[in-house]
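Chemist: Let me begin by handing over the structure; questions about it come next.
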Amino acid sequence: MSFGSMHRKEDARFIRGRGNYTDDVRLPGMLYGAVLRSPHAHARIVSVDTSAAEAHPKVKAVITGQTLEGLNLAWMPTLSQDTQAVLATDKVRFQGQEVAFVVAEDPYSARDALELIDVDYDPIDAVIDARRALAPGAPVIRDDLEGRTGNHIFDWEAGDRERTDALFEQAEVTVAQDMLYPRVHPAPLETCGAVADFDKVTGKLTVWCPTQAPHAHRTLYAMVAGLPEHKIRVISPDIGGGFGGKVGIYPGYVCAIVGSIVTGKPVKWMEDRSENLMSTAFARDYHMHGEIAATRDGRIQAIRVKVLADHGAFNGTAQPTKFPAGFFHVFSGSYDIEAAHCEVTGVYTNKAPGGVAYACSFRVTEAVYLVERMVDVLAAELNLDPAELRMRNLLKPEQFPYHSPTGWEYDSGDYPKALRLALDMAGYDKLRAEQADKRARGELMGIGVSFFTEAVGAGPRKHMDILGLGMADGAELRVHPTGKAVLRVSCQSQGQGHETTFAQIVGQELGIPADDVEVVHGDTDQTPFGLGTYGSRSTPVSGAATAIVARKVRDRAKIVAAAMLEAAPEDLEWADGKWSVVGDPATGRSMAEIALAAHSNLELPEGVEGHLDAVTVYNPPNLTYPFGAYICVVDVDPGTGQVKVRRFVAVDDCGVRINPMIVEGQIHGGLADGVGMALMQVMAFDEDGNHLGASFMDYLLPTAVECPSWELGETVTPSPTHPIGAKGVGESATVGSPVAVVNAVVDALSPYGVRHADMPLTPANVWRVINGDPFRT
Ligand code: CDP
């Protein structure tokens, strides 16, 4: 068996400091770029004077919006079919927006020369609060778009409005709650950057950048810049964390390319921490109003949601084209409800663009947060235990495949089993007894429960594309004469361990050690087309492609083995990693033996060409639907508002686990992320649009200090549509954990009559809630 907790192959280089990141790329004659950014959130550009910068002895080029306009590159398409300024021409629309690009002999001179550029700005009122974006008289942010008179981007709805409304009218009980999923940032430790090298002789452009989607980048460069696609090579080397923030194309990438074309030299641009936090893609920023209709004995009948989505200055959210609110319409969650309806309105504000799927499958995190908070609000209204209320409403195993009221087909699951396991692991009844004792003594202890269903593995071509590119993934597998294999895939690891787990899939299918399989990825010249790694899609799509291509090779090996054994292929069976004559294991031929024979002068049947390789393109028939039950225990200090996460039990079901150790690592990371979002993180702005979180002193990352020792459990419900029964897992914990923490804190504060409090539950915010801030309770 190749599945199992083998150590990560890639760690050999990472723990020795031998990783190769974009900033490690050094080319002969390389120049360095730096970006001049706007100090204003909203201002008209009156003039840009670059003469002093150009006179700097080490400066090789200064590129402005005007330069790019001449090349028809001042604006680029976003992932949401909007446009985004590469370098501002008319106005700046958020603080930190790119205004000019300097190319110099060294990075210090490039930064120094930024100071020499003189930009005359005429400031305009900024729209920072999304709730003000649609107010009459609000400044119009996108006056570059023809006919645009306001900041409205889109209205979108899903579900059955009439049925939902009818159920609400007749309901015995209804509850409603406003809540904000604040703007947060993926904050990978490696910032964004690029090295662009345009070879004037061959006409070939090579771009190194930490992209999660190298093939999509190449195609977009070809479409936008008019460069021939076969003359573009995108290399995504090792990536120091992506989390959804490295899917799109940033202005700095385009500037580095233009810089290389203009100077004829390779150009490197690496952003610093503040630039990363201020200008690369944010996540969430959803203002949500949720309602639940239920019976008095706790049967949930319908859910209704209205969302105001803050998309920043350019609509750069990442999601399949058909779904402007991503997969938010999975908000009916894990429950057997009759009807659901949501309306989402997107607006422009003077903040950085983004709305990326930060460790999340396109807004599933927001959806899970909404429904799991609402279930707790209902539990409080009905005076029911939140775990019991969930158990009464969870989908039953016999309901799968389940057709949700907003159009999803959940593939498989045993939800009550997962929740029961989590309750048992936590010792739930004992915890409630302990809580009662503590409350009697005036101590604040909280127990938070959450249950989530994700929709991951985008996606079936008939339903999903990004900018017209279908979401199928290719895979190529070649077995060398000695039985060692090379797999080429389109997805790109940012620390998830694909070089190990994808080798394990091949090993499992071919009966060879995973160590004998090399996984090649992250280089468009070396790998087949596919849409990349985000939304936990690698295992569901590229992982499935890997299993299928390995099975194709195995079938080919069967024909060779039959020739070796002078038997008919139909008389062979695959057992213990070998092809043998049915019932005669002694005839078994291993993949290494078959591979050698396939490359030899063994006579093969008519039409069989020899060698041992195959290619495939996998178009997933459905998404996969991992799920889980989480329980968080917190203690809150009533004097300071400080929250201590004491315990966290996480039961995850991601179908068959390829590498349980890696899966657990993914869950640990996601749980820590969840604690960070729930307790510490928000990208805040003042009313003029000044960014208040542009360093890790202000935008806090969770560490081991804030995290308990995670208690993990698992159930395994294979996906019926995935060739090895695996579901994605990379983001489950980030999706399910923030709301478990918030539910725990609200539970702890319930003696104060608190039913809801918005993230982040910092000591100051919790203190305000305890002390009756009407805006937060
Ligand atoms: O797309 P991304 O790699 O971020 O997410 P994923 O497909 O959920 O995979 C994350 C890591 O966990 C990969 O190395 C997977 O192969 C591994 N995994 C696993 O071992 N078993 C599963 N059922 C799911 C993922």
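Residue numbering restarts at 1 in every chain; chains get A, B, ... in the order shown in the structure tokens, and ligands count up from 1 in that same order.
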Pick out each residue of region 29-183 of chain A that DSSP on the backbone tags as alpha helix (DSSP H); I need them as a compact mmCIF listing (two decimals) with N, CA and C atoms, in the first residue's frame.

Modeler:
```txt
# COMPACT_ATOMS: atom_id res chain seq x y z
N SER A 51 11.03 62.97 -14.34
CA SER A 51 12.32 63.38 -14.89
C SER A 51 13.47 63.19 -13.89
N ALA A 52 13.25 63.53 -12.62
CA ALA A 52 14.33 63.39 -11.64
C ALA A 52 14.69 61.92 -11.45
N ALA A 53 13.69 61.08 -11.43
CA ALA A 53 13.96 59.63 -11.27
C ALA A 53 14.74 59.11 -12.46
N GLU A 54 14.34 59.54 -13.64
CA GLU A 54 15.04 59.07 -14.85
C GLU A 54 16.50 59.52 -14.86
N ALA A 55 16.76 60.65 -14.20
CA ALA A 55 18.14 61.16 -14.18
C ALA A 55 19.01 60.43 -13.15
N GLY A 65 1.58 54.93 -15.97
CA GLY A 65 0.33 54.55 -16.64
C GLY A 65 0.31 55.01 -18.08
N GLN A 66 0.91 56.18 -18.29
CA GLN A 66 0.92 56.71 -19.66
C GLN A 66 1.76 55.85 -20.59
N THR A 67 2.92 55.38 -20.07
CA THR A 67 3.75 54.47 -20.89
C THR A 67 2.91 53.25 -21.27
N LEU A 68 2.21 52.70 -20.27
CA LEU A 68 1.45 51.48 -20.52
C LEU A 68 0.27 51.73 -21.46
N GLU A 69 -0.32 52.92 -21.34
CA GLU A 69 -1.44 53.25 -22.23
C GLU A 69 -1.00 53.11 -23.68
N GLY A 70 0.24 53.58 -23.97
CA GLY A 70 0.78 53.49 -25.32
C GLY A 70 0.89 52.05 -25.80
N PRO A 107 18.17 46.84 -6.16
CA PRO A 107 16.86 47.10 -5.54
C PRO A 107 16.82 48.40 -4.72
N TYR A 108 17.96 48.77 -4.14
CA TYR A 108 17.99 49.98 -3.29
C TYR A 108 17.84 51.23 -4.16
N SER A 109 18.53 51.26 -5.28
CA SER A 109 18.41 52.41 -6.16
C SER A 109 16.98 52.52 -6.70
N ALA A 110 16.37 51.37 -6.99
CA ALA A 110 15.00 51.40 -7.51
C ALA A 110 14.08 52.04 -6.47
N ARG A 111 14.24 51.63 -5.21
CA ARG A 111 13.39 52.20 -4.13
C ARG A 111 13.73 53.68 -3.93
N ASP A 112 15.01 54.02 -3.95
CA ASP A 112 15.40 55.43 -3.77
C ASP A 112 14.77 56.30 -4.85
N ALA A 113 14.77 55.80 -6.06
CA ALA A 113 14.28 56.61 -7.18
C ALA A 113 12.78 56.85 -7.09
N LEU A 114 12.06 55.98 -6.37
CA LEU A 114 10.61 56.21 -6.20
C LEU A 114 10.37 57.58 -5.57
N ARG A 161 -37.13 31.86 -3.83
CA ARG A 161 -37.58 32.96 -2.98
C ARG A 161 -39.01 32.73 -2.48
N GLU A 162 -39.91 32.35 -3.40
CA GLU A 162 -41.33 32.23 -3.02
C GLU A 162 -41.55 31.19 -1.95
N ARG A 163 -40.94 30.02 -2.16
CA ARG A 163 -41.11 28.94 -1.18
C ARG A 163 -40.52 29.33 0.16
N THR A 164 -39.36 29.97 0.10
CA THR A 164 -38.70 30.37 1.34
C THR A 164 -39.56 31.39 2.08
N ASP A 165 -40.04 32.40 1.36
CA ASP A 165 -40.86 33.43 1.99
C ASP A 165 -42.13 32.81 2.59
N ALA A 166 -42.74 31.86 1.85
CA ALA A 166 -43.97 31.23 2.34
C ALA A 166 -43.70 30.51 3.65
N LEU A 167 -42.58 29.81 3.73
CA LEU A 167 -42.26 29.08 4.97
C LEU A 167 -42.03 30.07 6.12
N PHE A 168 -41.41 31.20 5.82
CA PHE A 168 -41.19 32.21 6.86
C PHE A 168 -42.53 32.76 7.37
N GLU A 169 -43.48 32.95 6.44
CA GLU A 169 -44.77 33.52 6.86
C GLU A 169 -45.51 32.59 7.82
N GLN A 170 -45.38 31.28 7.58
CA GLN A 170 -46.13 30.34 8.43
C GLN A 170 -45.33 29.86 9.63
```

Chemist: Ligand 1: which residues are within 8 Å, counting only C-alpha atoms and all ligand atoms, as an MDAnalysis selection string?

Modeler: chainID A and resid 243 359 457 491:494 496:502 533:541 543 654:663 666 725:731

Chemist: Any idea what the distance is between CA of Pro28 (chain A) and CA of Glu271 (chain A)?

Modeler: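 Between these atoms lies a distance of 21.1 Å.
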
Chemist: Fewer than 2 positions away in the same chain doesn't count, so skip those; otherwise give me all residues within 9 Å of region 469-474 of chain A, counting only C-alpha atoms, as a ChimeraX atom specification.

Modeler: /A:216,320,458-467,476,488-491,527-532,541-542,545-546,615-620

Chemist: Using C-alpha atoms, can you write the selected residues to a file as a compact mmCIF listing (two decimals), in the first residue's frame?

Modeler:
```
# COMPACT_ATOMS: atom_id res chain seq x y z
CA ALA A 216 -3.99 30.18 -16.44
CA PRO A 320 -16.12 30.38 -11.53
CA ALA A 458 -13.96 22.98 -9.06
CA GLY A 459 -15.24 21.82 -11.26
CA PRO A 460 -17.37 20.13 -13.86
CA ARG A 461 -16.77 21.85 -17.21
CA LYS A 462 -20.46 22.08 -17.95
CA HIS A 463 -20.98 24.28 -14.88
CA MET A 464 -17.66 26.01 -14.31
CA ASP A 465 -15.00 28.07 -15.97
CA ILE A 466 -12.77 31.00 -15.06
CA LEU A 467 -12.59 33.64 -17.78
CA GLU A 476 0.97 12.78 -18.02
CA ARG A 488 3.50 15.72 -14.76
CA VAL A 489 0.58 17.69 -13.37
CA SER A 490 -0.81 21.18 -13.79
CA CYS A 491 -1.57 21.99 -10.16
CA THR A 527 3.40 20.09 -17.67
CA PRO A 528 -0.03 19.66 -19.26
CA PHE A 529 -2.69 22.38 -19.08
CA GLY A 530 -4.90 22.74 -16.01
CA LEU A 531 -6.28 25.44 -13.80
CA GLY A 532 -4.05 25.17 -10.74
CA VAL A 541 -9.24 17.17 -9.87
CA SER A 542 -5.49 16.70 -10.49
CA ALA A 545 -6.36 12.80 -13.15
CA THR A 546 -3.29 11.15 -11.59
CA VAL A 615 -1.90 11.15 -20.87
CA THR A 616 -5.33 12.15 -19.66
CA VAL A 617 -7.61 15.11 -19.05
CA TYR A 618 -9.93 14.80 -16.09
CA ASN A 619 -13.23 16.63 -16.11
CA PRO A 620 -14.77 16.07 -12.66
```

Chemist: Which is closest to Phe328 (chain A) among A:Pro251, A:Pro136, A:Gly407, A:Gly674, if we use only C-alpha atoms?

Modeler: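 Ranking A:Pro251, A:Pro136, A:Gly407, A:Gly674 by distance to Phe328 (chain A), first place goes to A:Gly407.
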
Chemist: Name the residues in contact with Gly413 (chain A) at a cut-off of 7 Å, using only C-alpha atoms, excluding same-chain residues fewer than 4 positions from it; report them as a short mmCIF file (atom, residue, chain, number, x, y, z; two decimals) with N, CA and C atoms, in the first residue's frame.

Modeler:
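Below you can see out.cif, which holds the result:
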```
data_model
loop_
_atom_site.label_atom_id
_atom_site.label_comp_id
_atom_site.auth_asym_id
_atom_site.auth_seq_id
_atom_site.Cartn_x
_atom_site.Cartn_y
_atom_site.Cartn_z
N PRO A 397 -27.57 9.74 6.57
CA PRO A 397 -26.75 9.07 5.54
C PRO A 397 -27.57 8.60 4.34
N PHE A 400 -28.18 10.73 0.90
CA PHE A 400 -27.15 11.04 -0.11
C PHE A 400 -27.29 10.13 -1.32
N THR A 717 -15.90 8.68 4.65
CA THR A 717 -16.99 8.39 3.73
C THR A 717 -16.46 8.67 2.33
#
```

Chemist: Smallest atom-to-atom distance to Val254 (chain A): which of A:Leu370, A:Ala194, A:Leu431, A:Met6, using only C-alpha atoms?

Modeler: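 Answer, going by the shortest atom-to-atom distance: A:Ala194.
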
Chemist: Please provide as a ChimeraX atom specification all residues within 8 Å of region 736-743 of chain A, with the sequence filter that same-chain residues fewer than 6 positions apart are discarded (counting only C-alpha atoms).

Modeler: /A:365,368-369,372-373,376,446-452,628-634,645,670-671,674-675,677-678,757,759,761

Chemist: Lys265 (chain A): which residues within 8 Å, counting only C-alpha atoms, same-chain residues fewer than 3 positions away excluded, as a ChimeraX atom specification?

Modeler: /A:29-31,197-198,260-261

Chemist: For Gly468 (chain A), which residue among A:Val25, A:Thr321, A:Gly252, A:Gly33 is the nearest when counting only C-alpha atoms?

Modeler: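 Ranking A:Val25, A:Thr321, A:Gly252, A:Gly33 by distance to Gly468 (chain A), first place goes to A:Thr321.
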
Chemist: Find, counting only C-alpha atoms, the residue in A:Lys322, A:Arg551, A:His40, A:Arg26 that gets nearest to Asp688 (chain A).

Modeler: A:His40

Chemist: So which residues touch Pro324 (chain A) within 9 Å, counting only C-alpha atoms, skipping near sequence neighbours fewer than 3 positions away, as a compact mmCIF listing (two decimals) with N, CA, C and O atoms, in the first residue's frame?

Modeler:
```txt
# COMPACT_ATOMS: atom_id res chain seq x y z
N SER A 80 -12.80 38.37 -12.50
CA SER A 80 -14.26 38.49 -12.49
C SER A 80 -14.77 39.31 -13.67
O SER A 80 -15.81 39.96 -13.57
N PHE A 154 -23.03 44.13 -8.91
CA PHE A 154 -23.95 43.08 -9.38
C PHE A 154 -24.99 42.77 -8.31
O PHE A 154 -24.77 43.05 -7.12
N ASP A 155 -26.10 42.21 -8.75
CA ASP A 155 -27.06 41.57 -7.85
C ASP A 155 -27.14 40.12 -8.28
O ASP A 155 -27.16 39.84 -9.49
N TRP A 156 -27.15 39.24 -7.36
CA TRP A 156 -27.19 37.83 -7.71
C TRP A 156 -28.06 37.11 -6.69
O TRP A 156 -28.09 37.50 -5.51
N THR A 317 -12.51 39.49 -7.58
CA THR A 317 -12.76 38.25 -6.83
C THR A 317 -12.48 37.06 -7.74
O THR A 317 -12.58 37.15 -8.96
N ALA A 318 -12.15 35.95 -7.09
CA ALA A 318 -11.84 34.74 -7.84
C ALA A 318 -12.96 33.74 -7.64
O ALA A 318 -13.26 33.36 -6.51
N GLN A 319 -13.60 33.37 -8.71
CA GLN A 319 -14.59 32.30 -8.63
C GLN A 319 -15.01 31.91 -10.04
O GLN A 319 -14.78 32.67 -10.97
N PRO A 320 -15.62 30.73 -10.20
CA PRO A 320 -16.12 30.38 -11.53
C PRO A 320 -17.11 31.43 -12.04
O PRO A 320 -17.90 31.99 -11.27
N THR A 321 -17.05 31.70 -13.34
CA THR A 321 -17.77 32.82 -13.95
C THR A 321 -19.24 32.90 -13.59
O THR A 321 -19.76 33.99 -13.35
N PHE A 327 -19.26 30.13 -4.17
CA PHE A 327 -20.14 29.04 -3.76
C PHE A 327 -20.92 29.41 -2.50
O PHE A 327 -21.26 28.56 -1.69
N VAL A 344 -27.27 38.49 -3.10
CA VAL A 344 -25.96 39.09 -2.85
C VAL A 344 -25.81 40.32 -3.75
O VAL A 344 -26.06 40.23 -4.96
N GLY A 346 -23.00 43.14 -4.87
CA GLY A 346 -21.58 43.49 -4.82
C GLY A 346 -21.40 44.98 -5.05
O GLY A 346 -22.09 45.56 -5.90
```

Chemist: Tell me, in Å to one decimal, how far CA of Tyr181 (chain A) is from CA of Met288 (chain A).

Modeler: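 Computing the Euclidean distance for CA of Tyr181 (chain A) and CA of Met288 (chain A) yields 7.7 Å.
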
Chemist: How far is it from CA of Asp120 (chain A) to CA of Val35 (chain A), in Å with one decimal?

Modeler: 16.8 Å

Chemist: If you run DSSP on the backbone here, which positions in region 224-394 of chain A get strand (DSSP E)? Please write them as number ranges by chain.

Modeler: A: 232-235, 267-270, 283-294, 300-310, 339-347

Chemist: Write a file of the selected residues as a PDB file, in the first residue's frame, keeping C-alpha atoms.

Modeler:
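Saved the output as out_7.pdb:
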```pdb
ATOM      1  CA  ILE A 232       5.577  32.197 -22.898  1.00  0.00           C
ATOM      2  CA  ARG A 233       6.904  30.038 -20.108  1.00  0.00           C
ATOM      3  CA  VAL A 234       5.582  30.510 -16.587  1.00  0.00           C
ATOM      4  CA  ILE A 235       7.643  28.878 -13.874  1.00  0.00           C
ATOM      5  CA  VAL A 267      13.780  42.267 -14.214  1.00  0.00           C
ATOM      6  CA  LYS A 268      13.015  41.151 -10.674  1.00  0.00           C
ATOM      7  CA  TRP A 269      10.274  42.710  -8.583  1.00  0.00           C
ATOM      8  CA  MET A 270       9.557  41.560  -5.021  1.00  0.00           C
ATOM      9  CA  ALA A 283     -10.650  37.899   1.454  1.00  0.00           C
ATOM     10  CA  ARG A 284     -14.245  37.948   2.842  1.00  0.00           C
ATOM     11  CA  ASP A 285     -15.669  41.436   3.656  1.00  0.00           C
ATOM     12  CA  TYR A 286     -19.257  40.159   3.645  1.00  0.00           C
ATOM     13  CA  HIS A 287     -22.003  42.046   5.497  1.00  0.00           C
ATOM     14  CA  MET A 288     -24.662  39.389   6.032  1.00  0.00           C
ATOM     15  CA  HIS A 289     -28.236  39.397   7.289  1.00  0.00           C
ATOM     16  CA  GLY A 290     -29.411  35.874   8.073  1.00  0.00           C
ATOM     17  CA  GLU A 291     -32.816  34.537   9.052  1.00  0.00           C
ATOM     18  CA  ILE A 292     -34.029  31.068  10.025  1.00  0.00           C
ATOM     19  CA  ALA A 293     -37.614  29.791  10.108  1.00  0.00           C
ATOM     20  CA  ALA A 294     -38.210  26.815  12.388  1.00  0.00           C
ATOM     21  CA  ILE A 300     -35.224  24.116  10.754  1.00  0.00           C
ATOM     22  CA  GLN A 301     -37.470  24.783   7.748  1.00  0.00           C
ATOM     23  CA  ALA A 302     -35.931  27.614   5.779  1.00  0.00           C
ATOM     24  CA  ILE A 303     -32.966  29.989   5.633  1.00  0.00           C
ATOM     25  CA  ARG A 304     -32.915  33.408   4.018  1.00  0.00           C
ATOM     26  CA  VAL A 305     -29.848  35.605   3.574  1.00  0.00           C
ATOM     27  CA  LYS A 306     -29.026  39.049   2.238  1.00  0.00           C
ATOM     28  CA  VAL A 307     -25.396  39.935   1.639  1.00  0.00           C
ATOM     29  CA  LEU A 308     -23.660  43.182   0.878  1.00  0.00           C
ATOM     30  CA  ALA A 309     -20.297  42.199  -0.586  1.00  0.00           C
ATOM     31  CA  ASP A 310     -17.423  44.701  -0.491  1.00  0.00           C
ATOM     32  CA  ALA A 339     -36.182  25.933   1.170  1.00  0.00           C
ATOM     33  CA  ALA A 340     -33.471  28.565   1.068  1.00  0.00           C
ATOM     34  CA  HIS A 341     -32.841  31.821  -0.714  1.00  0.00           C
ATOM     35  CA  CYS A 342     -29.980  34.306  -0.834  1.00  0.00           C
ATOM     36  CA  GLU A 343     -29.443  37.672  -2.463  1.00  0.00           C
ATOM     37  CA  VAL A 344     -25.960  39.090  -2.851  1.00  0.00           C
ATOM     38  CA  THR A 345     -25.164  42.645  -3.918  1.00  0.00           C
ATOM     39  CA  GLY A 346     -21.578  43.489  -4.820  1.00  0.00           C
ATOM     40  CA  VAL A 347     -20.252  47.048  -4.469  1.00  0.00           C
TER      41      VAL A 347
END
```
